[in-house]
Amino acid sequence: VVKRLDALQKQLEECTDDMEKMQELLDEMDRLNTKATALDVSTLDAKIDRMMPELGFKPGDDERLVGPVRCIAYAKILYSLVASFSGGWQMRMCLGKILLEEPDLLLLDEPTNHLDIDAIEWLEGYLKTRDVPMVIVSHDRMFLDQLCTKIVETERGVTTTYPGNYTQYVAAKERDLAIQWSKYEKQQKEIQRQRDLIQRLSGGAQSGRAATAEKMLEKLLEEQVEKPFVNKSRSFRFPKVEKIGQRVLDIQGLTHGYDGRILFQCYVCDFGLRVAGHVQPSLCLMMPALRLRG
């Protein structure tokens, strides 16, 4: 916006004879000035400088984030060379871009996808510090437990809101389901009892009692408790696989880097399997190594 305003000002100074062109430039400048006021561009750089440490960036990272192209958030952290950062750090940049716009509501759709554990933990901690309403769609139950204070469930076209996090929602859902089953079974027994009573008393001297039972049955059927919905169970199994050794891949004499900077050197590397639930550190090199092309 600022660069465009400067360019328009120069064009306006050079356009002194063409009144029609001058009016077009003035109209565009008016629109941009309104936009600049709404964005508060005069304080944007200061906001970015304050936000970068919050996002985990260090002052030296500015050198990697240079370039002529700015994104719509006008943020330093979204220059054209963001590809030099990992996916987790790029997520932080995108989050910073959004927060610079000072949204009234954050809509986060699977925000933990493609993030490692450290990045997820950072994201949880950072979002906890933000005083912004959030709507989160995620399959990460632990992430939902850490952040959510309300769960909205949509089932068969009906939306139900549960207070608390995901674990509390599951417990409340099970409790409500148990209560509904109890009410349903109790009513079904009463319906059957009234039907048996009607059949036994009708056509005799106690037909009056039968008529009363019929009215009671009609009322029960009008106020019938809905049978709880039970998801169909799906059974599946994984086929047996052949056992493999502890060493999956051997690499010798491999070096990789960008722009003269060495990312890693593997004189002799072996990538192993998970042992006792712990991922060996050598696996951190797996993805960069597999991305190499001959």
# chains A, B, ... in the order shown; residues from 1 in each chain; ligands from 1
>>> residues_around(residues="Glu110 of chain A", least_positions_apart="3", cutoff="12 Å", atoms="only C-alpha atoms", output="PDB file with N, CA and C atoms, in the first residue's frame")
ATOM      1  N   MET A  91       4.750 -22.512   9.386  1.00  0.00           N
ATOM      2  CA  MET A  91       3.455 -22.413  10.062  1.00  0.00           C
ATOM      3  C   MET A  91       3.426 -21.199  10.981  1.00  0.00           C
ATOM      4  N   LEU A 107     -10.033 -19.249  12.672  1.00  0.00           N
ATOM      5  CA  LEU A 107     -10.553 -20.524  12.180  1.00  0.00           C
ATOM      6  C   LEU A 107      -9.358 -21.399  11.822  1.00  0.00           C
ATOM      7  N   ASN A 113      -1.293 -30.531  11.284  1.00  0.00           N
ATOM      8  CA  ASN A 113      -0.845 -31.375  10.177  1.00  0.00           C
ATOM      9  C   ASN A 113       0.589 -31.025   9.778  1.00  0.00           C
ATOM     10  N   HIS A 114       1.405 -32.043   9.550  1.00  0.00           N
ATOM     11  CA  HIS A 114       2.783 -31.898   9.062  1.00  0.00           C
ATOM     12  C   HIS A 114       3.697 -31.201  10.061  1.00  0.00           C
ATOM     13  N   LEU A 115       3.297 -31.121  11.326  1.00  0.00           N
ATOM     14  CA  LEU A 115       4.152 -30.511  12.339  1.00  0.00           C
ATOM     15  C   LEU A 115       4.769 -31.592  13.216  1.00  0.00           C
ATOM     16  N   ILE A 120       4.213 -28.614  17.514  1.00  0.00           N
ATOM     17  CA  ILE A 120       2.859 -28.721  18.071  1.00  0.00           C
ATOM     18  C   ILE A 120       2.816 -28.160  19.485  1.00  0.00           C
ATOM     19  N   VAL A 135     -12.033 -21.316  16.522  1.00  0.00           N
ATOM     20  CA  VAL A 135     -12.782 -22.501  16.112  1.00  0.00           C
ATOM     21  C   VAL A 135     -11.753 -23.466  15.515  1.00  0.00           C
ATOM     22  N   ILE A 136     -11.593 -24.621  16.149  1.00  0.00           N
ATOM     23  CA  ILE A 136     -10.542 -25.564  15.761  1.00  0.00           C
ATOM     24  C   ILE A 136     -11.170 -26.854  15.256  1.00  0.00           C
ATOM     25  N   VAL A 137     -10.753 -27.273  14.065  1.00  0.00           N
ATOM     26  CA  VAL A 137     -11.123 -28.585  13.531  1.00  0.00           C
ATOM     27  C   VAL A 137      -9.851 -29.415  13.521  1.00  0.00           C
ATOM     28  N   SER A 138      -9.839 -30.511  14.264  1.00  0.00           N
ATOM     29  CA  SER A 138      -8.609 -31.288  14.386  1.00  0.00           C
ATOM     30  C   SER A 138      -8.920 -32.727  14.764  1.00  0.00           C
ATOM     31  N   HIS A 139      -8.043 -33.641  14.318  1.00  0.00           N
ATOM     32  CA  HIS A 139      -8.110 -35.036  14.738  1.00  0.00           C
ATOM     33  C   HIS A 139      -7.127 -35.307  15.875  1.00  0.00           C
ATOM     34  N   ASP A 140      -6.401 -34.291  16.291  1.00  0.00           N
ATOM     35  CA  ASP A 140      -5.415 -34.427  17.361  1.00  0.00           C
ATOM     36  C   ASP A 140      -6.118 -34.235  18.705  1.00  0.00           C
ATOM     37  N   ARG A 141      -6.430 -35.319  19.385  1.00  0.00           N
ATOM     38  CA  ARG A 141      -7.199 -35.238  20.627  1.00  0.00           C
ATOM     39  C   ARG A 141      -6.427 -34.515  21.727  1.00  0.00           C
ATOM     40  N   PHE A 143      -4.232 -32.171  21.337  1.00  0.00           N
ATOM     41  CA  PHE A 143      -4.249 -30.746  20.986  1.00  0.00           C
ATOM     42  C   PHE A 143      -5.577 -30.114  21.408  1.00  0.00           C
ATOM     43  N   LEU A 144      -6.676 -30.809  21.148  1.00  0.00           N
ATOM     44  CA  LEU A 144      -7.984 -30.309  21.546  1.00  0.00           C
ATOM     45  C   LEU A 144      -8.111 -30.235  23.067  1.00  0.00           C
TER      46      LEU A 144
END
>>> residues_around(residues="Met29 of chain A", least_positions_apart="3", cutoff="8 Å", atoms="only C-alpha atoms", output="short mmCIF file (atom, residue, chain, number, x, y, z; two decimals) with N, CA, C and O atoms, in the first residue's frame")
data_model
loop_
_atom_site.label_atom_id
_atom_site.label_comp_id
_atom_site.auth_asym_id
_atom_site.auth_seq_id
_atom_site.Cartn_x
_atom_site.Cartn_y
_atom_site.Cartn_z
N LEU A 5 1.27 4.03 -2.95
CA LEU A 5 0.97 5.44 -2.71
C LEU A 5 2.13 6.32 -3.15
O LEU A 5 1.91 7.40 -3.73
N LEU A 8 2.02 6.51 -6.92
CA LEU A 8 0.94 7.37 -7.37
C LEU A 8 1.29 8.85 -7.18
O LEU A 8 0.93 9.70 -8.00
N LEU A 25 -5.93 9.08 -10.63
CA LEU A 25 -4.88 8.88 -9.64
C LEU A 25 -5.34 9.30 -8.24
O LEU A 25 -5.07 8.63 -7.24
N LEU A 26 -6.05 10.41 -8.17
CA LEU A 26 -6.56 10.90 -6.88
C LEU A 26 -7.57 9.93 -6.27
O LEU A 26 -7.57 9.70 -5.05
N LEU A 32 -6.53 3.89 -1.37
CA LEU A 32 -5.38 3.33 -0.69
C LEU A 32 -5.16 3.98 0.68
O LEU A 32 -4.74 3.31 1.63
N ASN A 33 -5.41 5.27 0.77
CA ASN A 33 -5.28 5.94 2.07
C ASN A 33 -6.27 5.38 3.09
O ASN A 33 -5.95 5.22 4.27
#
>>> select_by_dssp(residues="segment 33-264 of chain A", states="strand (DSSP E or B)", output="PyMOL selection string")
chain A and resi 106-109+134-137+150-155+158-163+247-258+261-264
>>> residues_around(residues="Thr161 of chain A", least_positions_apart="4", cutoff="8 Å", atoms="only C-alpha atoms", output="list in words")
Lys150, Ile151, Val152 and Glu153 of chain A
>>> closest_residue(among="A:Ala213, A:Val158, A:Ala178, A:Met134", to="Pro103 of chain A", atoms="only C-alpha atoms")
A:Met134
>>> select_by_dssp(residues="segment 17-255 of chain A", states="helix (DSSP H, G or I)", output="PyMOL selection string")
chain A and resi 19-39+41-54+59-64+76-78+82-84+87-100+117-128+141-147+166-201+207-222
>>> residues_around(residues="Gly164 of chain A", least_positions_apart="3", cutoff="12 Å", atoms="only C-alpha atoms", output="number ranges by chain")
A: 144-152, 161, 167-173
>>> write_last_selection(atoms="N, CA, C and O atoms", output="PDB file, in the first residue's frame")
ATOM      1  N   LEU A 144      -6.676 -30.809  21.148  1.00  0.00           N
ATOM      2  CA  LEU A 144      -7.984 -30.309  21.546  1.00  0.00           C
ATOM      3  C   LEU A 144      -8.111 -30.235  23.067  1.00  0.00           C
ATOM      4  O   LEU A 144      -8.718 -29.309  23.605  1.00  0.00           O
ATOM      5  N   ASP A 145      -7.536 -31.217  23.756  1.00  0.00           N
ATOM      6  CA  ASP A 145      -7.581 -31.205  25.221  1.00  0.00           C
ATOM      7  C   ASP A 145      -6.856 -29.997  25.794  1.00  0.00           C
ATOM      8  O   ASP A 145      -7.271 -29.424  26.804  1.00  0.00           O
ATOM      9  N   GLN A 146      -5.763 -29.603  25.155  1.00  0.00           N
ATOM     10  CA  GLN A 146      -4.960 -28.499  25.667  1.00  0.00           C
ATOM     11  C   GLN A 146      -5.613 -27.137  25.441  1.00  0.00           C
ATOM     12  O   GLN A 146      -5.410 -26.211  26.231  1.00  0.00           O
ATOM     13  N   LEU A 147      -6.413 -27.006  24.388  1.00  0.00           N
ATOM     14  CA  LEU A 147      -6.883 -25.674  23.997  1.00  0.00           C
ATOM     15  C   LEU A 147      -8.386 -25.445  24.142  1.00  0.00           C
ATOM     16  O   LEU A 147      -8.809 -24.332  24.446  1.00  0.00           O
ATOM     17  N   CYS A 148      -9.184 -26.474  23.909  1.00  0.00           N
ATOM     18  CA  CYS A 148     -10.623 -26.256  23.777  1.00  0.00           C
ATOM     19  C   CYS A 148     -11.314 -26.112  25.135  1.00  0.00           C
ATOM     20  O   CYS A 148     -10.985 -26.801  26.091  1.00  0.00           O
ATOM     21  N   THR A 149     -12.267 -25.220  25.175  1.00  0.00           N
ATOM     22  CA  THR A 149     -13.131 -25.052  26.356  1.00  0.00           C
ATOM     23  C   THR A 149     -14.577 -25.394  26.020  1.00  0.00           C
ATOM     24  O   THR A 149     -15.436 -25.337  26.898  1.00  0.00           O
ATOM     25  N   LYS A 150     -14.821 -25.753  24.758  1.00  0.00           N
ATOM     26  CA  LYS A 150     -16.182 -26.101  24.341  1.00  0.00           C
ATOM     27  C   LYS A 150     -16.065 -26.973  23.084  1.00  0.00           C
ATOM     28  O   LYS A 150     -15.289 -26.669  22.178  1.00  0.00           O
ATOM     29  N   ILE A 151     -16.823 -28.059  23.045  1.00  0.00           N
ATOM     30  CA  ILE A 151     -16.827 -28.977  21.901  1.00  0.00           C
ATOM     31  C   ILE A 151     -18.211 -28.946  21.251  1.00  0.00           C
ATOM     32  O   ILE A 151     -19.221 -29.101  21.940  1.00  0.00           O
ATOM     33  N   VAL A 152     -18.237 -28.748  19.945  1.00  0.00           N
ATOM     34  CA  VAL A 152     -19.490 -28.744  19.190  1.00  0.00           C
ATOM     35  C   VAL A 152     -19.533 -30.011  18.341  1.00  0.00           C
ATOM     36  O   VAL A 152     -18.670 -30.236  17.496  1.00  0.00           O
ATOM     37  N   THR A 161     -23.716 -28.885  21.831  1.00  0.00           N
ATOM     38  CA  THR A 161     -22.530 -28.243  22.415  1.00  0.00           C
ATOM     39  C   THR A 161     -22.264 -28.814  23.794  1.00  0.00           C
ATOM     40  O   THR A 161     -23.162 -28.912  24.625  1.00  0.00           O
ATOM     41  N   THR A 167     -11.628 -34.666  26.141  1.00  0.00           N
ATOM     42  CA  THR A 167     -11.797 -35.771  27.079  1.00  0.00           C
ATOM     43  C   THR A 167     -13.083 -35.616  27.885  1.00  0.00           C
ATOM     44  O   THR A 167     -13.825 -36.587  28.105  1.00  0.00           O
ATOM     45  N   GLN A 168     -13.362 -34.391  28.303  1.00  0.00           N
ATOM     46  CA  GLN A 168     -14.597 -34.138  29.050  1.00  0.00           C
ATOM     47  C   GLN A 168     -15.818 -34.338  28.160  1.00  0.00           C
ATOM     48  O   GLN A 168     -16.867 -34.810  28.621  1.00  0.00           O
ATOM     49  N   TYR A 169     -15.685 -33.997  26.885  1.00  0.00           N
ATOM     50  CA  TYR A 169     -16.785 -34.220  25.936  1.00  0.00           C
ATOM     51  C   TYR A 169     -17.085 -35.707  25.788  1.00  0.00           C
ATOM     52  O   TYR A 169     -18.256 -36.122  25.805  1.00  0.00           O
ATOM     53  N   VAL A 170     -16.038 -36.525  25.660  1.00  0.00           N
ATOM     54  CA  VAL A 170     -16.241 -37.968  25.506  1.00  0.00           C
ATOM     55  C   VAL A 170     -16.948 -38.535  26.732  1.00  0.00           C
ATOM     56  O   VAL A 170     -17.886 -39.342  26.609  1.00  0.00           O
ATOM     57  N   ALA A 171     -16.524 -38.110  27.926  1.00  0.00           N
ATOM     58  CA  ALA A 171     -17.154 -38.601  29.159  1.00  0.00           C
ATOM     59  C   ALA A 171     -18.615 -38.162  29.235  1.00  0.00           C
ATOM     60  O   ALA A 171     -19.503 -38.951  29.596  1.00  0.00           O
ATOM     61  N   ALA A 172     -18.882 -36.886  28.886  1.00  0.00           N
ATOM     62  CA  ALA A 172     -20.259 -36.379  28.924  1.00  0.00           C
ATOM     63  C   ALA A 172     -21.122 -37.081  27.876  1.00  0.00           C
ATOM     64  O   ALA A 172     -22.299 -37.384  28.131  1.00  0.00           O
ATOM     65  N   LYS A 173     -20.553 -37.364  26.716  1.00  0.00           N
ATOM     66  CA  LYS A 173     -21.283 -38.052  25.652  1.00  0.00           C
ATOM     67  C   LYS A 173     -21.683 -39.460  26.107  1.00  0.00           C
ATOM     68  O   LYS A 173     -22.825 -39.883  25.915  1.00  0.00           O
TER      69      LYS A 173
END
>>> closest_residue(among="A:Arg156, A:Ala36, A:Lys97, A:Ile191", to="Glu218 of chain A", atoms="only C-alpha atoms")
A:Ile191
>>> atom_distance(atom1="atom CA of Gly125 of chain A", atom2="atom CA of Thr154 of chain A")
27.9 Å
>>> closest_residue(among="A:Glu222, A:Asp109, A:Asp250, A:Glu124", to="Arg92 of chain A", atoms="only C-alpha atoms")
A:Glu124
>>> atom_distance(atom1="atom CA of Ala119 of chain A", atom2="atom CA of Pro133 of chain A")
21.3 Å
>>> closest_residue(among="A:Met22, A:Ile48, A:Val241, A:Val225", to="Met93 of chain A", atoms="only C-alpha atoms")
A:Ile48
>>> closest_residue(among="A:Ala210, A:Ile262, A:Ile198, A:Cys94", to="Met52 of chain A", atoms="only C-alpha atoms")
A:Cys94
>>> atom_distance(atom1="atom CA of Glu54 of chain A", atom2="atom CA of Tyr126 of chain A")
8.0 Å
>>> closest_residue(among="A:Pro239, A:Met142, A:Lys215, A:Asp18", to="Tyr166 of chain A", atoms="only C-alpha atoms")
A:Met142
